[in-house]
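K.L.:
Take a look at the following structure, please.
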Amino acid sequence: MRVVMFGYQTWGHRTLQALLDSDHEVVLVVTHPKSEHAYEKIWDDSVAELAQKHDVPALLRNRPDDPELLDAIRDAAPDIIVANNWRTWLPPEIYDLPPHGTLNVHDSLLPSYAGFSPIIWALINGEERVGVTAHRMSAELDAGDILTQHAVPVGPADTATDLFHRTVDLIGPIVRESLDLIASGEARWQPQDRARASFFHKRSVEDGRIDWTWPAEDLERLVRAQSDPYPSAFTYHRGERISIVSAAVSQARYGGTPGRIFIKEGDGVVIVAGADARSGRRHGLAVRRVRTEDGTEHAAHDYFRTMGGYLTSRP
C-alpha cells in the first residue's frame with residue numbers, strides 16, 4: 001500500500017521506521033517543526049531527518065489546514081494515512097481521503113486515556129497495565145474503531161521513563177500487524193465502549209506541583225511519573241523550590257498536618273501526607289533524594305538536617 005505518514009517526536013519516528021521496514025511504500029511524511037515546550041523536547045527523535053535520510057518528501061506543519069498540504073496528499077495518492085503523535089486535529093477531508101482512511105496509533109489502551117500524556121496519567125492513577133492502540137481516526141479525538149491493541153504490565157517500581165521504553169517498543173509490531181491486516185482484507189474493527197472513555201489534557205510543569213493533601217501512595221506514583229527526563233515533581237522548602245527525585249511510601253503511619261517534615265525512616269525523611277493526616281491513620285511520603293534549583297542532587301538525610309518545618313505548594 002501507498003502510505004502517507006503524520007507524526008512527531010520519537011513516537012512518530014518509530015512509526016516511520018516501521019513503515020520504512022515494511023513491504024509498504026511511504027510516499028509523503030508530515031511532521032511538526034521543533035518545539036520549545038518542556039514535554040515536546042523530550043523523546044524528540046526527528047521524523048523529518050529520518051524521512052530525509054530515506055529520500056521521502058517531508059512537510060513541516062503546525063496545523064494541517066492549508067490547501068497546499070491537502071493538494072500534496074491528493075497528489076501522493078495514498079491508500080492509507082498512518083498517524084502517531086500528531087499534535088493537532090486532522091480535518092475529515094484529510095483523514096477520510098485515502099480508500100482505507102487513517103490509522104491512528106495511540107499510546108494508551110483505548111477507550112481509557114484518550115488525549116495527551118497517557119502513560120504519565122495512567123501511572124499517577126495506579127493502572128496495572130499500559131499499552132498501545134491502533135484505531136481508525138474519526139471526528140472525535142482517539143474515539144474511532146479499534147483494530148489492534150497491545151499491553152504491558154506496570155511494575156511497582158516502574159517510572160514513566162520505564163513505561164515509555166516498554167510501550168514505544170510496541171509501535172513497530174502494532175503498525176506492521178495492522179497494515180498487514182488491512183492490506184489482506186482481514187481487518188476486524190471493534191467500536192469503542194464510550195461509557196469507559198476518559199480524556200486527558202497535555203501535561204505542563206504546573207502539573208508536577210506537589211499537593212501534600214494527596215495520599216502518600218498517590219504522591220509516590222507522581223514522583224515516579226515525573227521521572228527524569230520529565231520535569232520532576234516539585235515542592236518548596238523555606239521558599240526555595242526543590243524537586244523530589246526519589247521517594248517511597250513510609251512503613252509506619254504518621255499523624256499531623258500535610259507537608260510537615262517529620263522524622264527519619266530508613267534512607268528517607270518522612271513528610272506527612274493526606275487530607276486526613278490528622279487522624280494518624282495515613283502513611284507519609286519518605287523522601288529519599290531531592291534536587292535543588294542549581295541542579296545539585298542531595299540525599300534527603302543530608303538536605304533535611306533538622307526535622308520540623310513544612311514543605312509547601314507555593315513559596
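Chains: A, B, ... in order of the C-alpha cells. Residues: from 1 per chain. Ligands: from 1, in order shown.
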Identify, with DSSP run on backbone atoms, the residues in stretch 49-146 of chain A assigned to strand (DSSP E), and express the list as a list in words.

P.N.:
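Selecting the strand (DSSP E) positions of stretch 49-146 of chain A gives Ala58, Leu59, Leu60, Ile80, Ile81, Val82, Ala83, Asn84, Thr102, Leu103, Asn104, Val105, His106, Ala114, Gly115, Arg129, Val130, Gly131, Val132, Thr133, Ala134, His135, Arg136 and Ile146 of chain A.
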
K.L.:
Which neighbours of A:Gly309 fall inside 9 Å, counting only C-alpha atoms, when residues of the same chain fewer than 5 positions from it are skipped, and could you give them as an NGL selection string?

P.N.:
:A and (237-238 or 259-262)

K.L.:
Could you save the residues just selected, with C-alpha atoms, as a PDB file, in the first residue's frame?

P.N.:
```
ATOM      1  CA  HIS A 237      11.226  24.381  51.368  1.00  0.00           C
ATOM      2  CA  ARG A 238      11.863  27.683  53.111  1.00  0.00           C
ATOM      3  CA  GLY A 259       3.597  18.854  54.423  1.00  0.00           C
ATOM      4  CA  ARG A 260       5.235  18.574  57.867  1.00  0.00           C
ATOM      5  CA  ILE A 261       8.890  17.437  57.759  1.00  0.00           C
ATOM      6  CA  PHE A 262       8.526  14.840  60.478  1.00  0.00           C
TER       7      PHE A 262
END
```

K.L.:
Between atom CA of A:Tyr310 and atom CA of A:Ile263, measure the distance and give it in Å to one decimal.

P.N.:
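Distance reported for this atom pair: 12.1 Å.
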
K.L.:
Using only C-alpha atoms, find the one residue out of A:His100, A:Arg288, A:Arg314, A:Arg278 that sits nearest to A:Ile210.

P.N.:
A:Arg314

K.L.:
What's the 9 Å shell around A:His298, counting only C-alpha atoms, without same-chain residues fewer than 6 positions away, as a PyMOL selection string?

P.N.:
chain A and resi 288-292
